[in-house]
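Asks: Next comes the structure file upload_15.cif, holding mmCIF, C-alpha atoms and all ligand atoms.
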data_target
#
loop_
_atom_site.group_PDB
_atom_site.id
_atom_site.type_symbol
_atom_site.label_atom_id
_atom_site.label_comp_id
_atom_site.auth_asym_id
_atom_site.auth_seq_id
_atom_site.Cartn_x
_atom_site.Cartn_y
_atom_site.Cartn_z
ATOM 1 C CA MET A 1 -3.422 63.971 36.852
ATOM 2 C CA ALA A 2 -2.863 60.474 38.232
ATOM 3 C CA ALA A 3 -5.346 57.837 37.073
ATOM 4 C CA LYS A 4 -7.755 56.181 39.453
ATOM 5 C CA ILE A 5 -6.843 52.520 39.843
ATOM 6 C CA ILE A 6 -9.600 49.955 39.242
ATOM 7 C CA ASP A 7 -9.253 47.388 42.027
ATOM 8 C CA GLY A 8 -10.153 44.095 40.334
ATOM 9 C CA LYS A 9 -9.316 42.077 43.412
ATOM 10 C CA LYS A 10 -11.842 44.014 45.512
ATOM 11 C CA MET A 11 -14.561 43.741 42.847
ATOM 12 C CA ALA A 12 -13.905 40.017 42.428
ATOM 13 C CA ASP A 13 -13.999 39.429 46.204
ATOM 14 C CA ALA A 14 -17.424 41.095 46.386
ATOM 15 C CA LEU A 15 -18.704 38.921 43.508
ATOM 16 C CA LEU A 16 -17.335 35.755 45.139
ATOM 17 C CA ASP A 17 -18.946 36.639 48.482
ATOM 18 C CA ASN A 18 -22.254 37.158 46.690
ATOM 19 C CA ALA A 19 -21.896 33.850 44.808
ATOM 20 C CA ALA A 20 -21.137 32.050 48.099
ATOM 21 C CA LEU A 21 -24.440 33.331 49.539
ATOM 22 C CA LYS A 22 -26.357 32.177 46.431
ATOM 23 C CA ILE A 23 -24.742 28.728 46.556
ATOM 24 C CA ALA A 24 -25.366 28.340 50.295
ATOM 25 C CA ALA A 25 -29.079 28.807 49.604
ATOM 26 C CA LEU A 26 -29.149 25.921 47.084
ATOM 27 C CA SER A 27 -30.002 22.350 48.019
ATOM 28 C CA PHE A 28 -27.071 21.043 45.937
ATOM 29 C CA LYS A 29 -23.541 22.059 45.017
ATOM 30 C CA PRO A 30 -23.059 23.304 41.436
ATOM 31 C CA CYS A 31 -20.114 21.548 39.802
ATOM 32 C CA VAL A 32 -17.572 22.686 37.221
ATOM 33 C CA ALA A 33 -15.134 20.237 35.624
ATOM 34 C CA ILE A 34 -11.773 21.763 34.741
ATOM 35 C CA VAL A 35 -9.867 19.795 32.107
ATOM 36 C CA LEU A 36 -6.111 20.350 32.085
ATOM 37 C CA VAL A 37 -3.996 18.629 29.457
ATOM 38 C CA GLY A 38 -0.262 18.527 30.215
ATOM 39 C CA ASP A 39 1.694 20.448 32.810
ATOM 40 C CA ASP A 40 2.238 23.940 31.439
ATOM 41 C CA PRO A 41 3.213 25.945 34.578
ATOM 42 C CA ALA A 42 0.988 28.956 33.751
ATOM 43 C CA SER A 43 -2.033 26.709 33.107
ATOM 44 C CA LEU A 44 -1.334 24.802 36.336
ATOM 45 C CA MET A 45 -1.284 28.102 38.223
ATOM 46 C CA TYR A 46 -4.489 29.404 36.588
ATOM 47 C CA THR A 47 -6.408 26.160 37.135
ATOM 48 C CA LYS A 48 -5.299 26.029 40.778
ATOM 49 C CA LYS A 49 -6.728 29.531 41.258
ATOM 50 C CA LYS A 50 -9.986 28.372 39.653
ATOM 51 C CA HIS A 51 -10.264 25.329 41.943
ATOM 52 C CA ASP A 52 -9.421 27.501 44.994
ATOM 53 C CA ALA A 53 -12.180 29.981 44.088
ATOM 54 C CA CYS A 54 -14.688 27.131 43.738
ATOM 55 C CA ALA A 55 -13.761 25.836 47.193
ATOM 56 C CA ARG A 56 -14.076 29.352 48.611
ATOM 57 C CA VAL A 57 -17.651 29.807 47.353
ATOM 58 C CA GLY A 58 -18.768 26.259 48.218
ATOM 59 C CA MET A 59 -18.873 25.029 44.618
ATOM 60 C CA GLU A 60 -17.680 21.588 43.578
ATOM 61 C CA SER A 61 -14.817 21.477 41.093
ATOM 62 C CA ARG A 62 -13.547 18.371 39.322
ATOM 63 C CA ASN A 63 -9.868 18.282 38.561
ATOM 64 C CA VAL A 64 -9.642 16.358 35.281
ATOM 65 C CA LYS A 65 -5.993 15.944 34.319
ATOM 66 C CA LEU A 66 -4.701 14.335 31.143
ATOM 67 C CA PRO A 67 -1.047 13.771 30.230
ATOM 68 C CA ALA A 68 0.696 16.108 27.757
ATOM 69 C CA ASP A 69 0.766 13.314 25.172
ATOM 70 C CA ALA A 70 -2.989 12.641 25.359
ATOM 71 C CA THR A 71 -4.413 12.348 21.851
ATOM 72 C CA GLN A 72 -7.178 14.553 20.501
ATOM 73 C CA ARG A 73 -9.444 11.515 20.472
ATOM 74 C CA GLU A 74 -8.723 10.866 24.184
ATOM 75 C CA ILE A 75 -9.369 14.501 25.115
ATOM 76 C CA ILE A 76 -12.668 14.538 23.210
ATOM 77 C CA ALA A 77 -13.690 11.226 24.810
ATOM 78 C CA GLN A 78 -13.072 12.769 28.240
ATOM 79 C CA VAL A 79 -15.136 15.839 27.301
ATOM 80 C CA GLN A 80 -17.984 13.603 26.068
ATOM 81 C CA HIS A 81 -17.879 11.655 29.318
ATOM 82 C CA LEU A 82 -18.300 14.937 31.238
ATOM 83 C CA ASN A 83 -21.090 16.027 28.851
ATOM 84 C CA GLU A 84 -23.036 12.924 29.849
ATOM 85 C CA ASP A 85 -22.360 13.153 33.584
ATOM 86 C CA PRO A 86 -25.545 14.617 35.124
ATOM 87 C CA ARG A 87 -23.634 15.875 38.168
ATOM 88 C CA VAL A 88 -21.429 18.160 36.049
ATOM 89 C CA ASP A 89 -23.003 21.559 35.313
ATOM 90 C CA ALA A 90 -20.132 23.213 33.491
ATOM 91 C CA ILE A 91 -16.988 22.205 31.610
ATOM 92 C CA LEU A 92 -13.839 24.251 31.111
ATOM 93 C CA VAL A 93 -11.025 23.010 28.879
ATOM 94 C CA GLN A 94 -7.980 25.031 29.874
ATOM 95 C CA LEU A 95 -6.220 26.601 26.871
ATOM 96 C CA PRO A 96 -3.778 26.400 25.249
ATOM 97 C CA LEU A 97 -3.936 22.688 24.451
ATOM 98 C CA PRO A 98 -0.664 20.933 23.546
ATOM 99 C CA ALA A 99 0.655 21.495 20.014
ATOM 100 C CA GLY A 100 -0.914 19.155 17.480
ATOM 101 C CA VAL A 101 -4.315 19.066 19.200
ATOM 102 C CA ASP A 102 -7.059 20.839 17.251
ATOM 103 C CA GLU A 103 -8.550 23.269 19.793
ATOM 104 C CA ASP A 104 -11.564 23.935 17.554
ATOM 105 C CA ALA A 105 -12.455 20.234 17.481
ATOM 106 C CA VAL A 106 -12.123 19.885 21.269
ATOM 107 C CA LEU A 107 -14.129 23.034 22.052
ATOM 108 C CA ALA A 108 -16.874 22.015 19.611
ATOM 109 C CA ALA A 109 -17.213 18.739 21.542
ATOM 110 C CA VAL A 110 -18.268 20.513 24.763
ATOM 111 C CA ALA A 111 -22.037 20.329 25.317
ATOM 112 C CA ARG A 112 -23.443 23.776 24.474
ATOM 113 C CA GLU A 113 -25.292 24.075 27.782
ATOM 114 C CA LYS A 114 -22.164 23.161 29.812
ATOM 115 C CA ASP A 115 -19.843 25.455 27.849
ATOM 116 C CA VAL A 116 -18.765 27.722 30.715
ATOM 117 C CA ASP A 117 -16.274 29.642 28.516
ATOM 118 C CA GLY A 118 -18.699 30.286 25.663
ATOM 119 C CA PHE A 119 -16.102 28.946 23.203
ATOM 120 C CA HIS A 120 -18.385 26.435 21.425
ATOM 121 C CA PRO A 121 -18.904 27.802 17.878
ATOM 122 C CA GLU A 122 -22.665 28.038 18.411
ATOM 123 C CA ASN A 123 -22.257 29.991 21.655
ATOM 124 C CA PHE A 124 -19.575 32.200 20.090
ATOM 125 C CA GLY A 125 -21.939 32.877 17.173
ATOM 126 C CA LYS A 126 -24.708 33.822 19.589
ATOM 127 C CA LEU A 127 -22.290 36.178 21.348
ATOM 128 C CA ALA A 128 -21.593 37.846 17.995
ATOM 129 C CA LEU A 129 -25.339 38.235 17.433
ATOM 130 C CA GLY A 130 -25.811 39.684 20.914
ATOM 131 C CA ILE A 131 -28.155 36.876 21.973
ATOM 132 C CA GLY A 132 -25.730 34.736 23.983
ATOM 133 C CA LYS A 133 -26.351 33.573 27.547
ATOM 134 C CA ILE A 134 -22.669 32.965 28.239
ATOM 135 C CA ALA A 135 -19.795 35.337 27.496
ATOM 136 C CA PRO A 136 -16.144 34.256 27.826
ATOM 137 C CA CYS A 137 -14.882 34.917 31.357
ATOM 138 C CA THR A 138 -12.116 37.489 30.831
ATOM 139 C CA PRO A 139 -14.026 39.764 28.400
ATOM 140 C CA LYS A 140 -17.128 39.523 30.597
ATOM 141 C CA GLY A 141 -14.978 40.575 33.555
ATOM 142 C CA VAL A 142 -13.622 43.567 31.618
ATOM 143 C CA ILE A 143 -17.125 44.806 30.736
ATOM 144 C CA TYR A 144 -18.159 44.365 34.393
ATOM 145 C CA MET A 145 -15.144 46.383 35.592
ATOM 146 C CA LEU A 146 -15.840 49.201 33.141
ATOM 147 C CA LYS A 147 -19.518 49.441 34.101
ATOM 148 C CA GLU A 148 -18.836 49.099 37.838
ATOM 149 C CA SER A 149 -16.306 51.957 37.530
ATOM 150 C CA GLY A 150 -19.010 54.183 36.022
ATOM 151 C CA VAL A 151 -17.664 54.201 32.440
ATOM 152 C CA GLN A 152 -20.473 54.881 29.950
ATOM 153 C CA LEU A 153 -19.772 52.603 26.988
ATOM 154 C CA ALA A 154 -22.269 53.615 24.280
ATOM 155 C CA GLY A 155 -20.680 55.959 21.758
ATOM 156 C CA LYS A 156 -17.132 55.517 23.054
ATOM 157 C CA HIS A 157 -14.268 54.544 20.769
ATOM 158 C CA ALA A 158 -12.796 51.349 22.230
ATOM 159 C CA VAL A 159 -9.539 49.960 20.877
ATOM 160 C CA VAL A 160 -8.834 46.294 21.587
ATOM 161 C CA ILE A 161 -5.257 45.152 21.086
ATOM 162 C CA GLY A 162 -5.159 41.405 20.367
ATOM 163 C CA ARG A 163 -7.517 39.137 18.439
ATOM 164 C CA SER A 164 -7.404 35.865 20.396
ATOM 165 C CA ARG A 165 -10.338 33.516 20.899
ATOM 166 C CA ILE A 166 -10.013 33.887 24.678
ATOM 167 C CA VAL A 167 -9.967 37.688 24.945
ATOM 168 C CA GLY A 168 -9.530 39.983 21.916
ATOM 169 C CA LYS A 169 -12.298 38.779 19.591
ATOM 170 C CA PRO A 170 -15.020 38.219 22.196
ATOM 171 C CA LEU A 171 -14.148 41.475 23.968
ATOM 172 C CA ALA A 172 -14.469 43.408 20.697
ATOM 173 C CA LEU A 173 -17.914 41.822 20.170
ATOM 174 C CA LEU A 174 -19.079 42.599 23.718
ATOM 175 C CA LEU A 175 -17.945 46.229 23.402
ATOM 176 C CA LEU A 176 -19.742 46.460 20.050
ATOM 177 C CA ASN A 177 -22.897 45.019 21.641
ATOM 178 C CA GLU A 178 -22.615 47.786 24.278
ATOM 179 C CA GLY A 179 -22.648 50.467 21.579
ATOM 180 C CA CYS A 180 -18.933 51.236 21.397
ATOM 181 C CA THR A 181 -17.186 52.063 18.138
ATOM 182 C CA VAL A 182 -14.592 49.299 18.122
ATOM 183 C CA SER A 183 -11.176 49.052 16.480
ATOM 184 C CA VAL A 184 -9.154 45.862 16.796
ATOM 185 C CA CYS A 185 -5.362 46.099 16.517
ATOM 186 C CA HIS A 186 -3.076 43.088 16.177
ATOM 187 C CA SER A 187 0.390 42.020 15.069
ATOM 188 C CA LYS A 188 -0.247 43.081 11.454
ATOM 189 C CA THR A 189 -1.603 46.530 12.356
ATOM 190 C CA LYS A 190 0.388 49.441 10.939
ATOM 191 C CA ASP A 191 1.000 52.464 13.181
ATOM 192 C CA MET A 192 -0.921 51.159 16.170
ATOM 193 C CA GLY A 193 -0.254 54.369 18.111
ATOM 194 C CA ALA A 194 -2.225 56.402 15.560
ATOM 195 C CA ILE A 195 -5.250 54.215 16.341
ATOM 196 C CA THR A 196 -4.839 53.951 20.123
ATOM 197 C CA ARG A 197 -4.421 57.745 20.410
ATOM 198 C CA MET A 198 -8.027 58.083 19.163
ATOM 199 C CA ALA A 199 -9.331 55.690 21.838
ATOM 200 C CA ASP A 200 -11.503 56.593 24.799
ATOM 201 C CA ILE A 201 -10.945 53.039 26.074
ATOM 202 C CA ILE A 202 -7.860 50.890 25.395
ATOM 203 C CA CYS A 203 -7.941 47.166 26.233
ATOM 204 C CA SER A 204 -4.659 45.376 25.638
ATOM 205 C CA ALA A 205 -4.526 41.564 25.610
ATOM 206 C CA VAL A 206 -1.256 40.597 24.003
ATOM 207 C CA GLY A 207 1.245 39.458 26.630
ATOM 208 C CA LYS A 208 4.061 41.840 25.683
ATOM 209 C CA PRO A 209 5.510 44.036 28.439
ATOM 210 C CA ARG A 210 5.467 47.822 27.776
ATOM 211 C CA LEU A 211 3.553 47.401 24.495
ATOM 212 C CA VAL A 212 1.312 50.310 25.474
ATOM 213 C CA THR A 213 3.392 53.385 26.198
ATOM 214 C CA ALA A 214 2.255 56.828 27.370
ATOM 215 C CA ASP A 215 2.624 58.388 23.888
ATOM 216 C CA MET A 216 -0.009 55.908 22.588
ATOM 217 C CA VAL A 217 -2.643 57.060 25.090
ATOM 218 C CA LYS A 218 -4.952 60.080 24.846
ATOM 219 C CA ALA A 219 -5.126 62.154 28.045
ATOM 220 C CA GLY A 220 -8.066 60.937 30.164
ATOM 221 C CA ALA A 221 -8.452 57.568 28.396
ATOM 222 C CA VAL A 222 -9.470 54.427 30.287
ATOM 223 C CA VAL A 223 -6.791 51.721 30.085
ATOM 224 C CA ILE A 224 -7.529 48.051 30.773
ATOM 225 C CA ASP A 225 -4.461 45.809 30.921
ATOM 226 C CA ILE A 226 -5.289 42.180 30.192
ATOM 227 C CA GLY A 227 -1.788 41.077 29.219
ATOM 228 C CA THR A 228 0.232 38.800 31.446
ATOM 229 C CA SER A 229 3.921 38.024 31.060
ATOM 230 C CA LYS A 230 6.669 37.054 33.470
ATOM 231 C CA GLU A 231 9.657 39.394 33.833
ATOM 232 C CA ALA A 232 12.328 38.491 36.388
ATOM 233 C CA GLU A 233 9.768 36.134 38.016
ATOM 234 C CA LYS A 234 7.273 38.998 38.346
ATOM 235 C CA LEU A 235 3.852 39.098 36.667
ATOM 236 C CA VAL A 236 3.621 42.139 34.376
ATOM 237 C CA GLY A 237 0.979 43.445 31.988
ATOM 238 C CA ASP A 238 1.150 45.025 28.510
ATOM 239 C CA VAL A 239 0.978 48.592 29.766
ATOM 240 C CA ASP A 240 3.832 50.800 30.938
ATOM 241 C CA PHE A 241 1.884 51.391 34.160
ATOM 242 C CA ALA A 242 4.149 54.058 35.735
ATOM 243 C CA ALA A 243 3.977 56.386 32.714
ATOM 244 C CA VAL A 244 0.460 55.590 31.442
ATOM 245 C CA SER A 245 -1.142 56.001 34.882
ATOM 246 C CA LYS A 246 -0.031 59.673 34.805
ATOM 247 C CA LYS A 247 -2.060 60.235 31.611
ATOM 248 C CA ALA A 248 -5.099 57.938 31.842
ATOM 249 C CA SER A 249 -8.203 58.679 33.922
ATOM 250 C CA LEU A 250 -8.742 55.042 34.977
ATOM 251 C CA ILE A 251 -6.353 52.107 34.786
ATOM 252 C CA THR A 252 -6.158 48.471 35.890
ATOM 253 C CA PRO A 253 -2.995 47.125 37.554
ATOM 254 C CA VAL A 254 -1.282 43.793 36.888
ATOM 255 C CA PRO A 255 -1.552 41.843 39.123
ATOM 256 C CA GLY A 256 -4.792 42.684 40.935
ATOM 257 C CA GLY A 257 -6.765 43.937 37.926
ATOM 258 C CA VAL A 258 -8.441 41.767 35.314
ATOM 259 C CA GLY A 259 -6.971 38.430 36.564
ATOM 260 C CA PRO A 260 -9.159 38.044 39.671
ATOM 261 C CA MET A 261 -12.215 39.072 37.611
ATOM 262 C CA THR A 262 -11.692 36.162 35.192
ATOM 263 C CA ILE A 263 -11.981 33.772 38.117
ATOM 264 C CA ALA A 264 -15.061 35.538 39.517
ATOM 265 C CA MET A 265 -16.726 35.306 36.090
ATOM 266 C CA LEU A 266 -16.001 31.580 35.901
ATOM 267 C CA ILE A 267 -18.025 31.186 39.097
ATOM 268 C CA GLU A 268 -20.808 33.411 37.657
ATOM 269 C CA ASN A 269 -20.856 31.482 34.382
ATOM 270 C CA THR A 270 -20.976 28.136 36.207
ATOM 271 C CA LEU A 271 -24.072 29.384 38.028
ATOM 272 C CA VAL A 272 -25.580 30.480 34.690
ATOM 273 C CA CYS A 273 -24.922 26.989 33.178
ATOM 274 C CA CYS A 274 -26.342 25.396 36.306
ATOM 275 C CA GLU A 275 -29.537 27.482 36.244
ATOM 276 C CA ASN A 276 -30.067 26.925 32.513
ATOM 277 C CA ARG A 277 -29.568 23.166 32.793
ATOM 278 C CA ARG A 278 -31.538 22.507 35.942
ATOM 279 C CA LYS A 279 -34.605 24.553 35.021
ATOM 280 C CA LYS A 280 -35.071 22.539 31.824
HETATM 281 N N1 LIG B 301 -6.465 30.061 29.231
HETATM 282 C C1 LIG B 301 -6.259 31.361 29.592
HETATM 283 N N2 LIG B 301 -7.433 31.963 29.887
HETATM 284 C C2 LIG B 301 -8.403 31.035 29.710
HETATM 285 C C3 LIG B 301 -9.830 31.060 29.850
HETATM 286 O O1 LIG B 301 -10.443 32.068 30.207
HETATM 287 N N3 LIG B 301 -10.473 29.888 29.569
HETATM 288 C C4 LIG B 301 -9.805 28.773 29.156
HETATM 289 N N4 LIG B 301 -10.531 27.708 28.888
HETATM 290 N N5 LIG B 301 -8.496 28.725 29.005
HETATM 291 C C5 LIG B 301 -7.793 29.848 29.282
#
Translate the structure described by the file into structure tokens.
Replies:
Amino acid sequence: MAAKIIDGKKMADALLDNAALKIAALSFKPCVAIVLVGDDPASLMYTKKKHDACARVGMESRNVKLPADATQREIIAQVQHLNEDPRVDAILVQLPLPAGVDEDAVLAAVAREKDVDGFHPENFGKLALGIGKIAPCTPKGVIYMLKESGVQLAGKHAVVIGRSRIVGKPLALLLLNEGCTVSVCHSKTKDMGAITRMADIICSAVGKPRLVTADMVKAGAVVIDIGTSKEAEKLVGDVDFAAVSKKASLITPVPGGVGPMTIAMLIENTLVCCENRRKK
């Protein structure tokens, strides 16, 4: 039977409309600063989408651009300047940073209460403990999509493919916090298919086209495609959509699946940072 397609664009639009109403009722405009170092085309595209979403919901966004040869010290100084700016509620440092810059050092410099991505080690630790207020945007969006689609998470075997800071690791923790049995596969995993075939839920976040093929998927599984790659100028995910959608029960497309949800969650997380800061 053909899988039902989870429409991430529609879900994200509804969340953005709701956020716009919340923001319109405030006496001020929440503000997120987006720090972009260099001119990586994918990062330029992602940050433009983030600024556009802020404009759409009536939120202020600061476009903080640094040259590709900015030093780690300069990037951290910029972050500290934003930490101290009372008009800035949230700070996002777009990843990846140029080679040679220590991402850990930069992310640890973001004020904990303005850390809209939840990448500060203290916030990431709280996420692992299940006591965090902020969850990284893409994994938070995935959990929202699963719940909104009626997927019961507790007791399910979820297999996450990828172990990145941005998606794989935090997603595995969030699924664990929801009561899933979680397996994490990555580049060193042997016989990945043997593991994914046991999964009720497969979340792939690698960036390798056709990594997840139909023979790796149990009939009726839920498949969330978080990968993004360019093939012949087209955006494609990790999943062989045509074949896997004939076997899965629910599946996300690329584009129009997880991508728009990441942006919607950035808006949600900015509002969380804003509420936490301003009620102090
Ligand atoms: N690069 C790709 N996705 C993300 C994200 O969610 N946050 C940040 N900061 N950088 C990214």
Asks: Given only C-alpha atoms and all ligand atoms, how would the per-residue table for chain A near ligand LIG 301 (chain B) read, listing every residue at most 6 Å away with its closest atom pair and distance in Å to one decimal, sorted by chain and number, as a tab-separated table?
Replies:
residue	atom	partner	partner_atom	distance
A:Leu92	CA	B:LIG301	N4	5.3
A:Val93	CA	B:LIG301	N4	4.7
A:Gln94	CA	B:LIG301	N4	3.8
A:Leu95	CA	B:LIG301	N5	3.8
A:Asp117	CA	B:LIG301	N3	5.9
A:Cys137	CA	B:LIG301	O1	5.4
A:Thr138	CA	B:LIG301	O1	5.7
A:Ile166	CA	B:LIG301	O1	5.8
Asks: I'd like the contact shell of Lys169 of chain A - 12 Å cut-off, all atoms listed in the file, skipping same-chain residues fewer than 3 positions apart - returned as a PyMOL selection string.
Replies: chain A and resi 119+124-125+127-128+135-136+138-139+159-166+172-176+182-186+203-205
Asks: With C-alpha atoms retained, write the just-selected residues as a compact mmCIF listing (two decimals), in the frame of the given file.
Replies:
# COMPACT_ATOMS: atom_id res chain seq x y z
CA PHE A 119 -16.10 28.95 23.20
CA PHE A 124 -19.58 32.20 20.09
CA GLY A 125 -21.94 32.88 17.17
CA LEU A 127 -22.29 36.18 21.35
CA ALA A 128 -21.59 37.85 18.00
CA ALA A 135 -19.80 35.34 27.50
CA PRO A 136 -16.14 34.26 27.83
CA THR A 138 -12.12 37.49 30.83
CA PRO A 139 -14.03 39.76 28.40
CA VAL A 159 -9.54 49.96 20.88
CA VAL A 160 -8.83 46.29 21.59
CA ILE A 161 -5.26 45.15 21.09
CA GLY A 162 -5.16 41.40 20.37
CA ARG A 163 -7.52 39.14 18.44
CA SER A 164 -7.40 35.86 20.40
CA ARG A 165 -10.34 33.52 20.90
CA ILE A 166 -10.01 33.89 24.68
CA ALA A 172 -14.47 43.41 20.70
CA LEU A 173 -17.91 41.82 20.17
CA LEU A 174 -19.08 42.60 23.72
CA LEU A 175 -17.94 46.23 23.40
CA LEU A 176 -19.74 46.46 20.05
CA VAL A 182 -14.59 49.30 18.12
CA SER A 183 -11.18 49.05 16.48
CA VAL A 184 -9.15 45.86 16.80
CA CYS A 185 -5.36 46.10 16.52
CA HIS A 186 -3.08 43.09 16.18
CA CYS A 203 -7.94 47.17 26.23
CA SER A 204 -4.66 45.38 25.64
CA ALA A 205 -4.53 41.56 25.61
Asks: At a cut-off of 7 Å, using all atoms listed in the file, what residues contact Pro260 of chain A? Leave out same-chain residues fewer than 6 positions from it and give the result as a ChimeraX atom specification.
Replies: /A:8-9,12
Asks: With the PyMOL selection byres (((chain A and resi 201) around 12) and not hetatm) as the selection, what would be picked from this file? Answer as an MDAnalysis selection string, please.
Replies: chainID A and resid 142:143 146 151:161 172 175 180:184 195:200 202:204 216:225 248:252
Asks: Expand the PyMOL selection byres (((chain A and resi 101) around 12) and not hetatm) into the individual residues it matches in the shown file, reporting them as a list in words.
Replies: Val37, Gly38, Ala68, Asp69, Ala70, Thr71, Gln72, Arg73, Glu74, Ile75, Ile76, Leu95, Pro96, Leu97, Pro98, Ala99, Gly100, Asp102, Glu103, Asp104, Ala105, Val106 and Leu107 of chain A
Asks: When distances are computed from only C-alpha atoms, which of A:Met192, A:Met145, A:Val272, A:Ala90 shows the smallest separation from Cys31 of chain A?
Replies: A:Ala90
Asks: What's the separation between atom CA of Ala111 of chain A and atom CA of Lys126 of chain A, in Å to one decimal place?
Replies: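 Going from atom CA of Ala111 of chain A over to atom CA of Lys126 of chain A, I get 14.9 Å.
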